[in-house]
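Asker: The file below is entry-v7.cif, mmCIF, C-alpha atoms and all ligand atoms:
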data_structure
#
loop_
_atom_site.label_atom_id
_atom_site.label_comp_id
_atom_site.auth_asym_id
_atom_site.auth_seq_id
_atom_site.Cartn_x
_atom_site.Cartn_y
_atom_site.Cartn_z
CA MET A 237 -40.27 27.54 -94.52
CA LEU A 238 -39.98 30.01 -91.69
CA ASP A 239 -43.25 29.09 -89.97
CA ARG A 240 -41.49 27.76 -86.87
CA TYR A 241 -39.51 30.96 -86.58
CA LYS A 242 -42.56 33.18 -86.98
CA LYS A 243 -44.56 31.17 -84.48
CA ARG A 244 -42.03 31.55 -81.72
CA THR A 245 -41.12 35.21 -82.33
CA PRO A 246 -44.42 37.15 -81.99
CA LYS A 247 -42.86 40.03 -80.06
CA SER A 248 -40.12 40.47 -82.66
CA GLY A 249 -42.81 40.37 -85.34
CA ALA A 250 -44.76 43.14 -83.61
CA LEU A 251 -41.63 45.27 -83.14
CA TRP A 252 -40.73 44.87 -86.81
CA LYS A 253 -44.16 46.18 -87.82
CA ARG A 254 -43.53 49.31 -85.75
CA ALA A 255 -39.91 49.59 -86.93
CA VAL A 256 -40.71 49.67 -90.64
CA SER A 257 -42.90 52.69 -90.06
CA VAL A 258 -40.11 54.71 -88.39
CA PHE A 259 -36.86 53.45 -89.95
CA ALA A 260 -36.15 53.29 -93.67
CA GLY A 261 -36.05 49.57 -94.38
CA GLY A 262 -36.89 48.87 -90.74
CA ILE A 263 -33.30 48.93 -89.47
CA ASN A 264 -30.39 51.21 -88.66
CA HIS A 265 -27.67 49.06 -90.17
CA ASN A 266 -28.52 47.25 -93.39
CA ILE A 267 -27.05 43.98 -92.16
CA ARG A 268 -29.27 43.79 -89.12
CA THR A 269 -32.23 42.25 -90.87
CA PHE A 270 -30.03 39.13 -91.02
CA CYS A 271 -31.64 38.56 -94.46
CA LEU A 272 -34.97 37.56 -92.88
CA ASP A 273 -36.81 40.51 -94.42
CA ARG A 274 -35.79 39.28 -97.87
CA VAL A 275 -37.79 36.08 -97.43
CA GLY A 276 -40.92 37.63 -95.97
CA ALA A 277 -39.97 37.56 -92.28
CA TYR A 278 -38.21 39.93 -89.87
CA PRO A 279 -35.10 39.92 -87.70
CA PRO A 280 -35.15 38.75 -84.10
CA TYR A 281 -35.04 41.66 -81.63
CA ILE A 282 -32.24 40.91 -79.21
CA ALA A 283 -32.82 41.59 -75.53
CA ARG A 284 -29.71 40.23 -73.84
CA GLY A 285 -26.44 38.44 -74.35
CA GLU A 286 -24.13 36.31 -72.28
CA GLY A 287 -20.93 34.66 -73.51
CA ALA A 288 -21.59 33.07 -76.90
CA TYR A 289 -25.38 33.47 -76.71
CA VAL A 290 -28.03 36.09 -77.27
CA TRP A 291 -31.72 35.90 -76.42
CA ASP A 292 -34.48 37.63 -78.31
CA VAL A 293 -37.44 39.48 -76.77
CA ASP A 294 -39.51 36.29 -76.97
CA GLY A 295 -36.92 34.41 -74.93
CA ASN A 296 -35.42 32.32 -77.75
CA ARG A 297 -31.72 31.60 -77.44
CA TYR A 298 -29.28 31.83 -80.35
CA VAL A 299 -25.65 30.76 -80.63
CA ASP A 300 -24.27 34.09 -81.72
CA TRP A 301 -21.62 34.22 -84.44
CA TRP A 302 -22.32 37.82 -85.30
CA MET A 303 -20.87 38.91 -81.94
CA THR A 304 -21.65 42.61 -82.38
CA HIS A 305 -20.19 42.85 -85.88
CA TYR A 306 -17.13 40.76 -84.81
CA SER A 307 -16.36 43.01 -81.82
CA GLN A 308 -17.08 40.85 -78.80
CA ILE A 309 -14.13 38.51 -78.86
CA LEU A 310 -14.41 37.99 -75.10
CA GLY A 311 -18.08 37.05 -75.38
CA HIS A 312 -21.10 39.12 -74.45
CA ASN A 313 -21.39 40.77 -71.07
CA ASN A 314 -17.86 39.98 -70.03
CA PRO A 315 -17.78 40.58 -66.25
CA ARG A 316 -14.62 42.72 -66.29
CA VAL A 317 -15.85 44.90 -69.12
CA ARG A 318 -19.25 45.25 -67.43
CA GLU A 319 -17.65 46.21 -64.14
CA ALA A 320 -15.43 48.81 -65.81
CA LEU A 321 -18.44 50.35 -67.56
CA ILE A 322 -20.53 50.47 -64.39
CA ASN A 323 -17.68 51.98 -62.40
CA ARG A 324 -17.15 54.63 -65.00
CA LEU A 325 -20.87 55.46 -65.03
CA GLN A 326 -20.86 56.23 -61.30
CA ASN A 327 -19.12 59.53 -62.05
CA GLY A 328 -20.98 60.60 -65.16
CA HIS A 329 -20.00 59.28 -68.51
CA HIS A 330 -18.88 61.96 -70.93
CA PHE A 331 -17.86 65.55 -70.57
CA GLY A 332 -16.52 66.45 -74.00
CA ALA A 333 -13.17 67.12 -72.39
CA PRO A 334 -9.88 65.22 -72.20
CA ASN A 335 -10.02 62.23 -69.90
CA GLU A 336 -7.37 60.02 -68.35
CA GLU A 337 -8.82 56.86 -69.88
CA GLN A 338 -8.05 57.96 -73.45
CA VAL A 339 -4.35 58.34 -72.71
CA VAL A 340 -4.27 54.91 -71.09
CA LEU A 341 -5.99 53.20 -74.03
CA ALA A 342 -3.79 54.93 -76.63
CA GLU A 343 -0.65 53.86 -74.77
CA LYS A 344 -1.86 50.26 -74.72
CA ILE A 345 -2.61 50.36 -78.44
CA ARG A 346 0.78 51.81 -79.27
CA LYS A 347 2.51 49.20 -77.15
CA ALA A 348 0.65 46.48 -79.04
CA ILE A 349 1.19 48.13 -82.47
CA PRO A 350 4.39 50.19 -82.22
CA TYR A 351 4.11 51.54 -85.78
CA MET A 352 1.00 53.43 -84.71
CA GLU A 353 3.40 56.13 -83.60
CA MET A 354 0.62 58.67 -83.20
CA MET A 355 -3.12 58.24 -83.38
CA ARG A 356 -6.49 59.88 -83.00
CA PHE A 357 -9.71 58.44 -81.59
CA CYS A 358 -13.14 58.93 -83.09
CA SER A 359 -16.45 57.15 -82.61
CA THR A 360 -16.76 54.73 -85.55
CA GLY A 361 -14.75 52.83 -88.07
CA ALA A 362 -16.35 54.82 -90.87
CA GLU A 363 -14.97 58.02 -89.39
CA ALA A 364 -11.55 56.45 -88.89
CA THR A 365 -11.21 55.47 -92.56
CA MET A 366 -12.58 58.85 -93.64
CA TYR A 367 -9.95 60.69 -91.61
CA ALA A 368 -7.14 58.31 -92.63
CA VAL A 369 -7.94 59.06 -96.27
CA ARG A 370 -8.14 62.79 -95.55
CA LEU A 371 -4.68 62.71 -93.98
CA ALA A 372 -3.30 60.76 -96.92
CA ARG A 373 -4.68 63.38 -99.28
CA LEU A 374 -3.17 66.18 -97.23
CA PHE A 375 0.19 64.45 -96.98
CA THR A 376 0.51 63.49 -100.64
CA LYS A 377 -1.36 66.52 -102.02
CA LYS A 378 -3.15 64.05 -104.29
CA LYS A 379 -6.77 63.12 -104.34
CA LEU A 380 -7.44 59.66 -105.70
CA VAL A 381 -8.06 56.67 -103.42
CA ALA A 382 -7.98 53.01 -104.45
CA LYS A 383 -9.76 50.16 -102.69
CA VAL A 384 -10.59 46.56 -103.53
CA TYR A 385 -13.86 45.14 -104.83
CA GLY A 386 -15.98 44.12 -101.88
CA GLY A 387 -13.78 45.97 -99.37
CA TRP A 388 -15.98 47.49 -96.67
CA HIS A 389 -14.47 50.44 -94.84
CA GLY A 390 -17.64 51.94 -93.40
CA GLY A 391 -20.39 54.11 -94.75
CA ASN A 392 -18.41 57.28 -95.49
CA ASP A 393 -18.48 58.77 -98.98
CA THR A 394 -14.77 58.40 -99.67
CA VAL A 395 -14.67 54.62 -99.55
CA GLY A 396 -18.30 53.52 -99.62
CA TYR A 397 -18.35 52.25 -103.20
CA HIS A 398 -17.98 48.86 -104.91
CA VAL A 399 -19.02 47.10 -101.75
CA SER A 400 -21.40 44.47 -103.08
CA PHE A 401 -21.61 42.52 -106.27
CA PRO A 402 -22.07 43.35 -109.19
CA TYR A 403 -19.93 46.29 -108.08
CA ASN A 404 -21.71 48.76 -110.29
CA ASP A 405 -20.11 52.13 -110.68
CA ASP A 406 -21.76 54.82 -108.67
CA PRO A 407 -21.20 58.34 -109.97
CA PHE A 408 -21.46 59.66 -106.42
CA TYR A 409 -18.01 58.32 -105.56
CA ASP A 410 -14.73 59.15 -107.18
CA GLY A 411 -12.27 56.42 -106.16
CA VAL A 412 -10.88 53.53 -108.13
CA THR A 413 -11.10 49.82 -107.46
CA PHE A 414 -9.02 46.73 -108.05
CA ASN A 415 -9.40 43.06 -107.29
CA TYR A 416 -8.23 41.70 -103.93
CA ASN A 417 -5.56 38.99 -104.37
CA ASP A 418 -5.15 39.75 -108.07
CA ILE A 419 -1.73 41.18 -108.86
CA ASP A 420 -2.58 41.82 -112.53
CA SER A 421 -5.61 43.85 -111.56
CA ALA A 422 -3.57 45.83 -109.03
CA ARG A 423 -0.80 46.37 -111.57
CA GLU A 424 -3.27 47.69 -114.12
CA MET A 425 -4.81 50.02 -111.54
CA PHE A 426 -1.38 51.40 -110.60
CA LYS A 427 -0.47 51.84 -114.27
CA LYS A 428 -3.64 53.76 -115.01
CA PHE A 429 -4.03 55.84 -111.86
CA GLY A 430 -0.76 55.51 -109.91
CA ARG A 431 0.46 59.06 -110.39
CA ASP A 432 -2.74 60.52 -108.95
CA LEU A 433 -3.06 58.18 -106.00
CA ALA A 434 -3.13 59.57 -102.48
CA ALA A 435 -3.69 56.16 -100.92
CA VAL A 436 -4.53 52.53 -101.29
CA ILE A 437 -6.79 51.34 -98.49
CA VAL A 438 -7.13 47.61 -97.92
CA GLU A 439 -7.83 45.11 -95.18
CA PRO A 440 -4.77 42.86 -94.96
CA ILE A 441 -7.23 39.99 -94.44
CA LEU A 442 -10.35 40.80 -96.42
CA GLY A 443 -13.45 40.89 -94.21
CA ALA A 444 -16.92 41.61 -95.53
CA GLY A 445 -15.92 41.14 -99.19
CA GLY A 446 -15.45 37.38 -98.81
CA ALA A 447 -13.13 36.87 -95.82
CA LEU A 448 -9.97 36.00 -97.69
CA PRO A 449 -6.38 35.80 -96.53
CA PRO A 450 -3.88 37.44 -98.88
CA ILE A 451 -1.74 35.45 -101.30
CA PRO A 452 1.89 35.93 -100.21
CA GLU A 453 2.81 38.44 -102.92
CA PHE A 454 -0.31 40.64 -102.71
CA LEU A 455 0.43 42.96 -99.79
CA PRO A 456 4.18 43.29 -100.57
CA PHE A 457 3.22 44.31 -104.11
CA LEU A 458 0.88 47.01 -102.81
CA ARG A 459 3.65 48.22 -100.49
CA GLU A 460 6.28 48.36 -103.24
CA GLU A 461 4.02 50.17 -105.67
CA THR A 462 2.69 52.72 -103.19
CA ASN A 463 6.27 53.44 -102.10
CA ARG A 464 7.37 53.85 -105.69
CA LEU A 465 4.49 56.18 -106.51
CA GLY A 466 4.54 58.23 -103.32
CA ALA A 467 1.07 57.10 -102.25
CA LEU A 468 0.23 55.97 -98.73
CA LEU A 469 -0.76 52.44 -97.82
CA ILE A 470 -3.60 52.28 -95.31
CA PHE A 471 -4.34 48.98 -93.62
CA ASP A 472 -7.88 48.86 -92.35
CA GLU A 473 -7.55 46.51 -89.38
CA ILE A 474 -10.94 47.30 -87.90
CA ILE A 475 -11.79 43.60 -87.98
CA SER A 476 -8.35 41.99 -87.96
CA ALA A 477 -6.55 43.81 -85.13
CA PHE A 478 -6.75 41.86 -81.86
CA ARG A 479 -8.82 39.19 -83.60
CA PHE A 480 -6.06 36.85 -84.72
CA ARG A 481 -3.34 37.89 -82.30
CA TYR A 482 -2.72 40.56 -79.69
CA GLY A 483 -2.04 43.52 -82.01
CA SER A 484 -2.37 44.05 -85.75
CA VAL A 485 -1.68 41.53 -88.52
CA GLY A 486 -0.11 43.72 -91.24
CA GLU A 487 3.51 43.47 -90.20
CA ALA A 488 3.32 40.57 -87.74
CA LEU A 489 1.73 38.04 -90.10
CA PHE A 490 2.51 39.42 -93.54
CA ASN A 491 5.67 41.40 -93.03
CA VAL A 492 4.22 44.57 -94.52
CA ARG A 493 4.15 47.82 -92.59
CA PRO A 494 1.48 50.30 -93.65
CA ASP A 495 1.76 54.07 -93.37
CA LEU A 496 -1.56 54.36 -91.58
CA THR A 497 -3.76 51.86 -89.77
CA THR A 498 -7.38 52.03 -88.72
CA LEU A 499 -8.83 50.16 -85.76
CA GLY A 500 -12.25 49.81 -84.13
CA LYS A 501 -14.51 46.95 -83.00
CA ILE A 502 -12.45 44.80 -80.58
CA ALA A 503 -10.20 47.73 -79.63
CA GLY A 504 -13.31 49.45 -78.24
CA GLY A 505 -14.45 46.37 -76.33
CA GLY A 506 -17.82 46.36 -78.06
CA MET A 507 -18.37 50.08 -77.56
CA HIS A 508 -18.15 52.79 -80.21
CA LEU A 509 -14.59 53.42 -81.27
CA GLY A 510 -12.63 54.29 -84.36
CA VAL A 511 -8.86 54.80 -84.36
CA TYR A 512 -6.64 56.12 -87.11
CA GLY A 513 -2.92 56.37 -86.68
CA GLY A 514 0.53 55.50 -87.92
CA ARG A 515 3.51 57.48 -89.17
CA GLU A 516 4.21 60.47 -87.01
CA ASP A 517 4.94 62.74 -89.98
CA VAL A 518 1.53 61.97 -91.48
CA MET A 519 -0.42 62.10 -88.23
CA ALA A 520 1.23 65.43 -87.37
CA LEU A 521 -1.03 66.99 -90.02
CA ALA A 522 -4.03 66.29 -87.81
CA ALA A 523 -2.74 68.60 -85.08
CA PRO A 524 -4.44 72.01 -84.91
CA ARG A 525 -2.39 74.68 -86.63
CA ALA A 526 -0.09 72.10 -88.25
CA GLU A 527 1.73 73.50 -91.23
CA GLY A 528 0.13 72.05 -94.35
CA GLY A 529 -2.63 70.62 -92.20
CA ARG A 530 -6.33 71.07 -92.47
CA TRP A 531 -9.20 70.41 -90.16
CA VAL A 532 -9.10 66.74 -89.16
CA GLY A 533 -10.95 65.31 -86.22
CA GLY A 534 -13.83 66.50 -84.11
CA GLY A 535 -16.75 64.42 -82.98
CA THR A 536 -18.83 65.18 -79.92
CA PHE A 537 -18.42 61.60 -78.76
CA SER A 538 -14.78 61.01 -79.70
CA SER A 539 -12.78 59.26 -76.94
CA HIS A 540 -15.97 58.62 -75.04
CA PRO A 541 -14.92 57.41 -71.56
CA LEU A 542 -17.18 54.34 -71.76
CA SER A 543 -15.46 53.24 -74.98
CA MET A 544 -12.07 54.01 -73.46
CA VAL A 545 -12.60 51.82 -70.40
CA ALA A 546 -14.29 49.00 -72.33
CA GLY A 547 -11.40 49.00 -74.84
CA SER A 548 -8.78 49.20 -72.15
CA VAL A 549 -10.12 46.31 -70.09
CA THR A 550 -10.66 44.24 -73.23
CA LEU A 551 -7.04 44.72 -74.28
CA ASP A 552 -5.88 43.75 -70.78
CA GLU A 553 -7.91 40.55 -70.94
CA LEU A 554 -6.70 39.75 -74.44
CA LYS A 555 -3.09 40.31 -73.48
CA LYS A 556 -3.55 37.73 -70.75
CA ARG A 557 -5.02 35.36 -73.34
CA ASN A 558 -2.33 36.03 -75.91
CA ASN A 559 -1.31 32.37 -75.97
CA GLN A 560 -4.95 31.28 -76.52
CA TYR A 561 -5.31 32.95 -79.92
CA GLU A 562 -3.55 30.06 -81.61
CA HIS A 563 -6.15 27.65 -80.31
CA LEU A 564 -9.06 29.95 -81.25
CA ASN A 565 -7.68 30.29 -84.78
CA LYS A 566 -7.30 26.52 -85.05
CA VAL A 567 -10.90 25.99 -83.95
CA GLY A 568 -11.94 28.36 -86.76
CA ASP A 569 -9.76 26.51 -89.30
CA GLY A 570 -11.23 23.17 -88.26
CA PHE A 571 -14.75 24.56 -88.40
CA ARG A 572 -14.24 25.84 -91.94
CA ASP A 573 -12.92 22.46 -93.05
CA ARG A 574 -15.93 20.71 -91.59
CA THR A 575 -18.45 23.10 -93.17
CA ASN A 576 -16.78 22.69 -96.55
CA THR A 577 -16.96 18.92 -96.13
CA LEU A 578 -20.66 19.19 -95.30
CA PHE A 579 -21.28 21.33 -98.40
CA ARG A 580 -19.43 18.78 -100.53
CA ASP A 581 -21.21 15.79 -98.99
CA TYR A 582 -24.61 17.32 -99.68
CA GLY A 583 -23.61 18.60 -103.11
CA TYR A 584 -24.69 22.02 -101.85
CA ASP A 585 -23.08 24.90 -103.76
CA ALA A 586 -21.49 26.97 -101.04
CA ILE A 587 -18.08 27.69 -99.62
CA SER A 588 -16.70 28.48 -96.22
CA THR A 589 -13.89 31.03 -96.33
CA GLY A 590 -12.09 33.08 -93.72
CA PHE A 591 -9.01 33.02 -91.61
CA GLY A 592 -8.57 31.81 -88.06
CA SER A 593 -11.65 32.67 -86.03
CA LEU A 594 -13.34 34.52 -88.91
CA VAL A 595 -15.88 32.36 -90.75
CA TYR A 596 -17.76 33.47 -93.86
CA LEU A 597 -20.19 31.27 -95.74
CA SER A 598 -21.20 32.06 -99.31
CA CYS A 599 -23.88 30.31 -101.34
CA LEU A 600 -22.71 30.08 -104.93
CA HIS A 601 -24.38 29.67 -108.29
CA LYS A 602 -21.25 28.35 -109.95
CA ASP A 603 -18.12 26.45 -109.10
CA ILE A 604 -15.13 28.63 -108.21
CA GLY A 605 -12.49 25.91 -108.12
CA ASN A 606 -9.77 25.83 -105.51
CA PRO A 607 -8.26 28.66 -103.47
CA PRO A 608 -6.71 31.18 -103.52
CA TYR A 609 -9.72 33.29 -104.38
CA THR A 610 -10.05 36.93 -105.30
CA SER A 611 -12.83 39.18 -104.05
CA TYR A 612 -14.21 39.37 -107.58
CA THR A 613 -14.39 35.58 -107.92
CA ILE A 614 -16.46 35.28 -104.76
CA GLY A 615 -18.68 38.25 -105.69
CA GLN A 616 -19.33 37.00 -109.19
CA ALA A 617 -20.37 33.51 -108.07
CA PHE A 618 -22.42 34.67 -105.09
CA ASP A 619 -26.04 33.45 -105.06
CA HIS A 620 -27.97 36.17 -103.23
CA GLU A 621 -31.34 34.43 -103.26
CA GLN A 622 -30.00 31.16 -101.91
CA MET A 623 -27.92 33.03 -99.34
CA ASN A 624 -30.97 34.87 -98.01
CA MET A 625 -32.80 31.59 -97.55
CA PHE A 626 -29.78 29.86 -96.01
CA GLN A 627 -29.16 32.68 -93.54
CA SER A 628 -32.81 32.93 -92.53
CA LEU A 629 -33.18 29.19 -91.98
CA LEU A 630 -30.02 29.22 -89.90
CA THR A 631 -31.62 31.84 -87.66
CA GLN A 632 -34.66 29.62 -87.36
CA GLU A 633 -32.30 26.85 -86.23
CA GLY A 634 -31.00 29.10 -83.44
CA VAL A 635 -27.76 30.39 -84.98
CA LEU A 636 -27.41 34.14 -85.44
CA GLY A 637 -24.94 35.39 -88.02
CA TYR A 638 -24.40 37.40 -91.14
CA HIS A 639 -22.21 36.73 -94.19
CA GLY A 640 -23.09 33.16 -93.27
CA LEU A 641 -21.74 33.30 -89.74
CA GLY A 642 -19.23 35.84 -88.38
CA ALA A 643 -16.52 35.14 -85.85
CA LEU A 644 -15.78 32.98 -82.85
CA SER A 645 -15.18 34.43 -79.42
CA PHE A 646 -13.25 33.00 -76.52
CA SER A 647 -16.66 32.11 -75.06
CA HIS A 648 -17.68 29.68 -77.79
CA SER A 649 -17.48 26.09 -76.65
CA GLU A 650 -17.12 22.83 -78.50
CA SER A 651 -20.83 22.20 -78.07
CA ASP A 652 -21.62 25.58 -79.69
CA ILE A 653 -19.52 24.49 -82.65
CA GLU A 654 -21.35 21.15 -82.85
CA PHE A 655 -24.72 22.89 -82.45
CA THR A 656 -23.84 25.21 -85.35
CA LEU A 657 -22.67 22.38 -87.59
CA SER A 658 -25.82 20.37 -87.07
CA ALA A 659 -27.92 23.49 -87.67
CA ILE A 660 -26.07 24.03 -90.96
CA GLU A 661 -26.61 20.40 -91.87
CA ARG A 662 -30.36 20.69 -91.27
CA VAL A 663 -30.50 23.88 -93.35
CA ILE A 664 -28.65 22.49 -96.34
CA SER A 665 -30.55 19.26 -96.13
CA ALA A 666 -33.83 21.21 -96.30
CA LEU A 667 -32.57 23.41 -99.13
CA SER A 668 -31.12 20.49 -101.08
CA SER A 669 -34.40 18.56 -100.97
CA ASP A 670 -36.32 21.58 -102.19
C1 LIG A 701 -12.96 46.56 -92.17
C2 LIG A 701 -13.96 47.55 -91.70
N1 LIG A 701 -13.70 48.86 -91.79
C3 LIG A 701 -14.56 49.80 -91.37
C4 LIG A 701 -15.76 49.45 -90.83
C5 LIG A 701 -16.72 50.50 -90.36
O1 LIG A 701 -16.79 50.52 -88.98
P1 LIG A 701 -18.09 51.15 -88.26
O2 LIG A 701 -19.20 50.21 -88.52
O3 LIG A 701 -17.69 51.22 -86.82
O4 LIG A 701 -18.31 52.48 -88.87
C6 LIG A 701 -16.10 48.10 -90.70
C7 LIG A 701 -17.40 47.72 -90.11
O5 LIG A 701 -17.94 46.68 -90.31
C8 LIG A 701 -15.19 47.13 -91.16
O6 LIG A 701 -15.47 45.82 -91.10
#
Would you kindly transcribe this structure into structure tokens?

Answerer:
Amino acid sequence: MLDRYKKRTPKSGALWKRAVSVFAGGINHNIRTFCLDRVGAYPPYIARGEGAYVWDVDGNRYVDWWMTHYSQILGHNNPRVREALINRLQNGHHFGAPNEEQVVLAEKIRKAIPYMEMMRFCSTGAEATMYAVRLARLFTKKKLVAKVYGGWHGGNDTVGYHVSFPYNDDPFYDGVTFNYNDIDSAREMFKKFGRDLAAVIVEPILGAGGALPPIPEFLPFLREETNRLGALLIFDEIISAFRFRYGSVGEALFNVRPDLTTLGKIAGGGMHLGVYGGREDVMALAAPRAEGGRWVGGGTFSSHPLSMVAGSVTLDELKKRNNQYEHLNKVGDGFRDRTNTLFRDYGYDAISTGFGSLVYLSCLHKDIGNPPYTSYTIGQAFDHEQMNMFQSLLTQEGVLGYHGLGALSFSHSESDIEFTLSAIERVISALSSD
């Protein structure tokens, strides 16, 4: 079924052959095969990007929904971000010493998210969640961490478990898990483990685990229980911050203030950035020689000037577009409705979930009824084989994404939306007539 794709991507095919001999599994981030390796093909090798599009090394254009793992909300190769990066490069790019740009970016972040009273920068989201958990453990003098099924907080050992269905236990990790959007499951977890909990880490809007908005009582319940038990609540806003509004979503959309917050992706303007921050009394433990503190931080490339300027310019641009978020979110809502209608019309077992500009498509092997959904419901009904085929055929149709699609940017136009919908229609039509 992927003959057309293979025919027009010979250079990608040749690169893949070389890649599998040097990289385990051929890639350096598991997602970046875009499922094509699972159906006997290979991912496209991307050579350039502009706005909502990327082009592979063979010159094929794709409407990009992946947008650098949801980071490029301004679109690829934004002229202001590019200019800032080039300007910074004129004077050398990193010295492993304090730089002015880091202070500027941190001040902008704190202005946008005032409850990030103090923060630290590192290079990736995985580091940010690792350090946030370390601080929670230091502060509470407890060890256990709870996360939700399907919650992805990066590849660090503390939180890198129960990330994909069937959520098998892995003896390598020592945290506990509960079900996103399921109060009973959370209650049971608190009952069993509450006294030993250092932290609960959760995305206020679930990302990789199914892209689900919270039911109204879910986040307040986590806040009440963590307060009662003396555990910290960490909101991982590495996807959600600056995606749905200028700032974070925890307090602004759901009226729940976490103790610590992690950021990355958009806040780094598509460059490498992780941020962890929040309550001053907790963050104080990260300072060298803090009483009760321990080593927290480090990283040769932390607060890299290129990330600082890319993040800073991106936040400036987004602040100017603050009143355009509403429209972007509405476009996402409308798109999800239309994909769900398509799935229904074709009798194709799949669902489009998400929130605002975040769009996640899941092929299902059983009906999951009406929303609200939990992360376990989505995971349990997920049809991996069908998903691999769907995703690969979508790439063949010129739409690049993962978890079905990804996220819109301010560069996506109405015709990109229509292009994507007709690509999806062709894919499900082919798969339905199989
Ligand atoms: C919610 C969330 N947290 C953490 C991470 C890890 O970030 P990074 O890939 O920069 O390590 C990701 C990355 O996809 C994420 O989506």

Asker: Compute the set of protein, DNA and RNA residues whose minimum atom distance to ligand LIG 701 (chain A) is at most 6 Å, using all atoms listed in the file, and state it as JSON, numbers by chain.

Answerer: {"A": [360, 361, 362, 388, 389, 390, 472, 474, 475]}

Asker: Taking 3 positions as the minimum chain separation for residues in the same chain, which residues sit within 7 Å of A:Ala320 when counting only C-alpha atoms? Answer as a list in words.

Answerer: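 Once the nearby chain positions are removed, what remains is Arg316, Val317, Asn323, Arg324, Val545 and Ala546 of chain A.
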
Asker: Give me the residues of stretch 545-576 of chain A that have any atom at most 10 Å from an atom of stretch 641-657 of chain A; for each, the nearest atom pair and the distance in Å, rounded to one decimal. Use only C-alpha atoms, sort by chain and number, and format it as JSON lines.

Answerer:
{"residue": "A:Leu554", "atom": "CA", "partner": "A:Phe646", "partner_atom": "CA", "distance": 9.6}
{"residue": "A:Arg557", "atom": "CA", "partner": "A:Phe646", "partner_atom": "CA", "distance": 9.1}
{"residue": "A:Gln560", "atom": "CA", "partner": "A:Phe646", "partner_atom": "CA", "distance": 8.5}
{"residue": "A:Tyr561", "atom": "CA", "partner": "A:Phe646", "partner_atom": "CA", "distance": 8.6}
{"residue": "A:His563", "atom": "CA", "partner": "A:Phe646", "partner_atom": "CA", "distance": 9.7}
{"residue": "A:Leu564", "atom": "CA", "partner": "A:Phe646", "partner_atom": "CA", "distance": 7.0}
{"residue": "A:Asn565", "atom": "CA", "partner": "A:Leu644", "partner_atom": "CA", "distance": 8.8}
{"residue": "A:Val567", "atom": "CA", "partner": "A:Leu644", "partner_atom": "CA", "distance": 8.6}
{"residue": "A:Gly568", "atom": "CA", "partner": "A:Leu644", "partner_atom": "CA", "distance": 7.2}
{"residue": "A:Phe571", "atom": "CA", "partner": "A:Ile653", "partner_atom": "CA", "distance": 7.5}
{"residue": "A:Arg574", "atom": "CA", "partner": "A:Leu657", "partner_atom": "CA", "distance": 8.0}
{"residue": "A:Thr575", "atom": "CA", "partner": "A:Leu657", "partner_atom": "CA", "distance": 7.0}

Asker: Show me the residues around (-41.8, 44.1, -82.8) - criterion: an atom at most 12 Å away, only C-alpha atoms counted - as a ChimeraX atom specification.

Answerer: /A:242,245-257,262-263,277-283,292-294

Asker: One decimal, Å: what's the distance from atom CA of A:Gly387 over to atom CA of A:Ile309, could you say?

Answerer: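 Result for atom CA of A:Gly387 versus atom CA of A:Ile309: 21.8 Å, one decimal.
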
Asker: Expressed in Å to a single decimal, how great is the separation between atom CA of A:Ala348 and atom CA of A:Asp495?

Answerer: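 For atom CA of A:Ala348 relative to atom CA of A:Asp495, the distance reads 16.3 Å.
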
Asker: What's the separation between atom CA of A:Arg297 and atom CA of A:Gly634, in Å to one decimal place?

Answerer: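 Computing the Euclidean distance for atom CA of A:Arg297 and atom CA of A:Gly634 yields 6.5 Å.
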
Asker: Hey, which bits of stretch 484-538 of chain A sit within 12 Å of stretch 335-346 of chain A, and for each residue what's the closest pair of atoms and how far apart in Å (one decimal), counting all atoms listed in the file, rows by chain and increasing number, as a Markdown table?

Answerer:
| residue | atom | partner | partner_atom | distance |
| --- | --- | --- | --- | --- |
| A:Ser484 | CA | A:Ile345 | CA | 9.7 |
| A:Thr497 | CA | A:Arg346 | CA | 11.4 |
| A:Thr498 | CA | A:Ile345 | CA | 11.5 |
| A:Leu499 | CA | A:Ile345 | CA | 9.6 |
| A:Gly500 | CA | A:Ile345 | CA | 11.2 |
| A:Ile502 | CA | A:Ile345 | CA | 11.5 |
| A:Ala503 | CA | A:Ile345 | CA | 8.1 |
| A:Gly504 | CA | A:Leu341 | CA | 9.2 |
| A:Gly505 | CA | A:Leu341 | CA | 11.1 |
| A:Leu509 | CA | A:Gln338 | CA | 11.2 |
| A:Gly510 | CA | A:Ala342 | CA | 11.8 |
| A:Val511 | CA | A:Ala342 | CA | 9.2 |
| A:Tyr512 | CA | A:Ala342 | CA | 10.9 |
| A:Gly513 | CA | A:Arg346 | CA | 9.5 |
| A:Gly514 | CA | A:Arg346 | CA | 9.4 |
| A:Arg515 | CA | A:Arg346 | CA | 11.7 |
| A:Ser538 | CA | A:Gln338 | CA | 9.7 |

Asker: Nearest residue to A:Phe270 out of A:Lys556, A:Lys566, A:His639, A:Arg662, using only C-alpha atoms?

Answerer: A:His639

Asker: Extract, using all atoms listed in the file, all DNA, RNA and protein residues at most 7 Å from stretch 624-633 of chain A, discarding same-chain residues fewer than 6 positions from it, and format them as a ChimeraX atom specification.

Answerer: /A:238,241,270-272,274-275,640,659-660,663

Asker: With only C-alpha atoms as the counted atoms, please give the residues lying no more than 8 Å from A:Met366, apart from itself and same-chain residues fewer than 4 positions off, as a ChimeraX atom specification.

Answerer: /A:362,370,392-395
